[in-house]
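In what follows, a single structure is set out as structure tokens and then discussed.
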Amino acid sequence: PVLDVTAQAEGLLLSAVARKAETEEGGYQADFRLEADNPTRYAGLDTLSLDQAILDGMLVYSGGTARFDGTVEVSGVDVPSFKASKVSGPVVATYGEKTVTARATLSADGAVLPGMAGRVAGARPVLETDATYDVAGRTLTLRQTSVQGRAGRVSAVGTVSLGDALGADLSGSFDLDGAKAGLARPIKASGNFEADRGRTGLTDISARINATRLGDLPAPLSDWASHQALIDLAGTLQPDTSFTLKRFSAESGSLVLTGNGQVSQDRVVSASADLRAGEAGLAGYRLSGLTGQAAVSGPVDNLDFRLAIEAPQISNETLVFNDIRLGADGTYGSGALAANATLNAGTSEGPLDLNTALRLDGADWQ
């Protein structure tokens with residue numbers, strides 16, 4: 001027997017042709033099509049807007065399990081940080097024993113994302129996912145999830161807990177093509193990341209990045225850096241949005257930069273960094289190498305800073321400076337910098353010692 005059903009309500013149109021399934025397990029199957037105008041009104045979510053959603057495919061029910069194999073098309077998508085004229089693609093979804101399993105490849109047309117994400121994604125990003133949601137445990141397991149855009153790709157696997165306290169254990173990889181993204185430098189980067197959020201609300205984040213195609217660098221960076229940079233970082237995001245950078249390192253050629261720091265909820269900064277670099281040319285002089293330390297603290301709009309740089313030797317054809325030590329401490333805020341600076345060095349004519357106070361406010365030196 002065949003059951004042909006058409007049902008219509010305000011903003012909804014359902015059509016289905018149902019029959020007994022031609023399988024050993026029995027059950028029922030139906031050619032299924034559901035059209036819903038403004039479907040988000042049923043969820044009562046003001047932050048989401050969808051003009052229309054269409055499900056079209058084969059629905060099979062047997063032995064307590066329902067399976068949908070078809071396509072989904074959503075038009076007029078407007079959600080936080082993402083807009084698109086249409087999102088569509090094939091979907092296979094199964095519901096049984098309080099679990100939902102879904103495999104989908106969804107393409108967006110006319111996508112708009114803010115800032116850097118928009119440059120990387122372009123107008124036609126593609127989402128591929130293979131995931132299972134445990135309804136009883138409220139746990140989402142991502143076996144495969146990736147987003148491919150015009151200038152990059154991000155993929156992730158892991159679990160997300162959607163219970164009373166949000167939790168996550170994710171790992172993944174990414175690629176970025178700076179030239180395709182229209183960045184100022186044609187950098188190409190790839191790497192791996194991990195994110196772990198426990199029930200306490202702390203989110204631990206770590207990443208390792210390999211960057212190439214750094215472009216033309218100004219002196220002395222062009223002498224220090226190679227064609228490749230390796231970056232490693234780890235930090236913790238607190239429930240109050242404060243962030244602690246536990247470690248940071250960047251290496252390229254003879255240039256090594258390491259540091260750590262934190263930013264509080266009210267944007268108070270405390271950070272320090274160490275620098276080591278090799279030989280380089282600088283304003284007609286030859287620098288044998290240098291080491292440096294820097295520290296900043298205070299509100300982001302009124303920072304205190306300290307800087308100390310040491311170099312064994314700077315020389316040209318006629319002058320040689322040895323044991324150079326440059327120091328500075330001061331404040332920076334509202335575009336104005338005020339500092340006390342010292343310079344100590346040895347020369348063939350004896351020691352060189354300079355002390356000065358300086359202030360820079362826009363283009364105005366004092």
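We label chains A, B, ... in the order they appear in the structure tokens, count residues from 1 in each chain, and number ligands from 1 in the order shown.
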> Within 8 Å of A:Ser146, counting only C-alpha atoms, which residues qualify if same-chain residues fewer than 2 places away don't, as a ChimeraX atom specification?
Replying inline: /A:127-129,144,148,153-156
>> Residues near A:Val2, anyone? I mean within 12 Å using only C-alpha atoms, not counting same-chain ones fewer than 2 positions away, as a ChimeraX atom specification.
In response: /A:4-5,16-21,28-31
Put those residues in a file: all heavy atoms, as an mmCIF file, in the first residue's frame.
data_model
loop_
_atom_site.group_PDB
_atom_site.id
_atom_site.type_symbol
_atom_site.label_atom_id
_atom_site.label_comp_id
_atom_site.auth_asym_id
_atom_site.auth_seq_id
_atom_site.Cartn_x
_atom_site.Cartn_y
_atom_site.Cartn_z
ATOM 1 N N ASP A 4 -0.079 8.698 0.189
ATOM 2 C CA ASP A 4 0.354 9.979 -0.387
ATOM 3 C C ASP A 4 -0.223 11.096 0.479
ATOM 4 O O ASP A 4 -1.442 11.251 0.563
ATOM 5 C CB ASP A 4 -0.159 10.081 -1.832
ATOM 6 C CG ASP A 4 0.470 11.263 -2.556
ATOM 7 O OD1 ASP A 4 0.983 12.180 -1.869
ATOM 8 O OD2 ASP A 4 0.443 11.286 -3.791
ATOM 9 N N VAL A 5 0.687 11.848 1.139
ATOM 10 C CA VAL A 5 0.245 12.851 2.099
ATOM 11 C C VAL A 5 0.778 14.220 1.691
ATOM 12 O O VAL A 5 1.952 14.360 1.343
ATOM 13 C CB VAL A 5 0.747 12.515 3.529
ATOM 14 C CG1 VAL A 5 0.378 13.626 4.506
ATOM 15 C CG2 VAL A 5 0.166 11.187 3.981
ATOM 16 N N ALA A 16 4.701 13.824 1.274
ATOM 17 C CA ALA A 16 5.367 12.539 1.459
ATOM 18 C C ALA A 16 4.572 11.450 0.759
ATOM 19 O O ALA A 16 3.341 11.447 0.787
ATOM 20 C CB ALA A 16 5.519 12.213 2.942
ATOM 21 N N VAL A 17 5.288 10.541 0.152
ATOM 22 C CA VAL A 17 4.690 9.342 -0.438
ATOM 23 C C VAL A 17 5.310 8.166 0.291
ATOM 24 O O VAL A 17 6.495 7.855 0.106
ATOM 25 C CB VAL A 17 4.949 9.257 -1.949
ATOM 26 C CG1 VAL A 17 4.350 7.977 -2.514
ATOM 27 C CG2 VAL A 17 4.381 10.472 -2.657
ATOM 28 N N ALA A 18 4.531 7.524 1.167
ATOM 29 C CA ALA A 18 5.059 6.487 2.054
ATOM 30 C C ALA A 18 4.630 5.112 1.580
ATOM 31 O O ALA A 18 3.544 4.927 1.025
ATOM 32 C CB ALA A 18 4.591 6.743 3.484
ATOM 33 N N ARG A 19 5.480 4.116 1.833
ATOM 34 C CA ARG A 19 5.203 2.722 1.496
ATOM 35 C C ARG A 19 6.023 1.837 2.423
ATOM 36 O O ARG A 19 6.919 2.306 3.105
ATOM 37 C CB ARG A 19 5.556 2.460 0.035
ATOM 38 C CG ARG A 19 7.026 2.621 -0.264
ATOM 39 C CD ARG A 19 7.351 2.379 -1.724
ATOM 40 N NE ARG A 19 6.750 3.389 -2.567
ATOM 41 C CZ ARG A 19 7.302 4.567 -2.819
ATOM 42 N NH1 ARG A 19 8.453 4.912 -2.252
ATOM 43 N NH2 ARG A 19 6.721 5.436 -3.603
ATOM 44 N N LYS A 20 5.722 0.551 2.411
ATOM 45 C CA LYS A 20 6.536 -0.374 3.165
ATOM 46 C C LYS A 20 7.928 -0.452 2.547
ATOM 47 O O LYS A 20 8.074 -0.472 1.327
ATOM 48 C CB LYS A 20 5.903 -1.767 3.190
ATOM 49 C CG LYS A 20 4.762 -1.892 4.187
ATOM 50 C CD LYS A 20 4.336 -3.345 4.356
ATOM 51 C CE LYS A 20 3.295 -3.464 5.459
ATOM 52 N NZ LYS A 20 2.900 -4.887 5.676
ATOM 53 N N ALA A 21 8.927 -0.483 3.430
ATOM 54 C CA ALA A 21 10.305 -0.524 2.948
ATOM 55 C C ALA A 21 10.609 -1.877 2.329
ATOM 56 O O ALA A 21 10.204 -2.926 2.849
ATOM 57 C CB ALA A 21 11.270 -0.247 4.095
ATOM 58 N N TYR A 28 9.151 1.218 7.063
ATOM 59 C CA TYR A 28 8.508 2.081 6.087
ATOM 60 C C TYR A 28 9.525 3.047 5.480
ATOM 61 O O TYR A 28 10.533 3.391 6.113
ATOM 62 C CB TYR A 28 7.380 2.887 6.752
ATOM 63 C CG TYR A 28 6.282 2.022 7.313
ATOM 64 C CD1 TYR A 28 6.355 1.566 8.635
ATOM 65 C CD2 TYR A 28 5.196 1.643 6.536
ATOM 66 C CE1 TYR A 28 5.355 0.756 9.157
ATOM 67 C CE2 TYR A 28 4.192 0.842 7.054
ATOM 68 C CZ TYR A 28 4.276 0.391 8.360
ATOM 69 O OH TYR A 28 3.302 -0.403 8.871
ATOM 70 N N GLN A 29 9.239 3.456 4.293
ATOM 71 C CA GLN A 29 10.066 4.475 3.643
ATOM 72 C C GLN A 29 9.154 5.473 2.958
ATOM 73 O O GLN A 29 8.024 5.164 2.608
ATOM 74 C CB GLN A 29 11.023 3.842 2.629
ATOM 75 C CG GLN A 29 10.351 3.234 1.419
ATOM 76 C CD GLN A 29 11.358 2.552 0.503
ATOM 77 O OE1 GLN A 29 12.231 1.829 0.965
ATOM 78 N NE2 GLN A 29 11.209 2.774 -0.802
ATOM 79 N N ALA A 30 9.690 6.692 2.793
ATOM 80 C CA ALA A 30 8.861 7.741 2.201
ATOM 81 C C ALA A 30 9.731 8.706 1.413
ATOM 82 O O ALA A 30 10.839 9.055 1.844
ATOM 83 C CB ALA A 30 8.105 8.495 3.290
ATOM 84 N N ASP A 31 9.231 9.078 0.251
ATOM 85 C CA ASP A 31 9.801 10.225 -0.462
ATOM 86 C C ASP A 31 9.297 11.460 0.278
ATOM 87 O O ASP A 31 8.083 11.714 0.328
ATOM 88 C CB ASP A 31 9.340 10.231 -1.917
ATOM 89 C CG ASP A 31 9.842 9.001 -2.668
ATOM 90 O OD1 ASP A 31 10.998 8.622 -2.449
ATOM 91 O OD2 ASP A 31 9.054 8.420 -3.434
#
> Which distance in Å separates atom CA of A:Val91 and atom CA of A:Ile54, to one decimal?
Replying inline: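 Between atom CA of A:Val91 and atom CA of A:Ile54 the gap works out to 11.9 Å.
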>> as number ranges by chain, please: the residues near A:Glu317 (cut-off 10 Å, only C-alpha atoms, same-chain neighbours under 3 positions excluded).
In response: A: 284-286, 320
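The residue that comes closest to A:Ser85, out of A:Gly110, A:Gly327, A:Pro239, A:Gly167 and on the basis of only C-alpha atoms, is A:Gly110.
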> Which residues, written as number ranges by chain, have at least one atom at most 6 Å from stretch 352-354 of chain A, with only C-alpha atoms counted and residues fewer than 4 positions away on the same chain left out?
Replying inline: A: 342-346
> Near A:Thr65, within 6 Å and counting only C-alpha atoms, which residues show up once chain neighbours fewer than 2 positions away are dropped, as a list in words?
Replying inline: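 The filter keeps Tyr61, Ser62, Gly63, Tyr95 and Gly96 of chain A.
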> In Å, with one decimal, what is the gap from atom CA of A:Gly152 to atom CA of A:Ala189?
Replying inline: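 According to the coordinates, atom CA of A:Gly152 and atom CA of A:Ala189 are separated by 9.2 Å.
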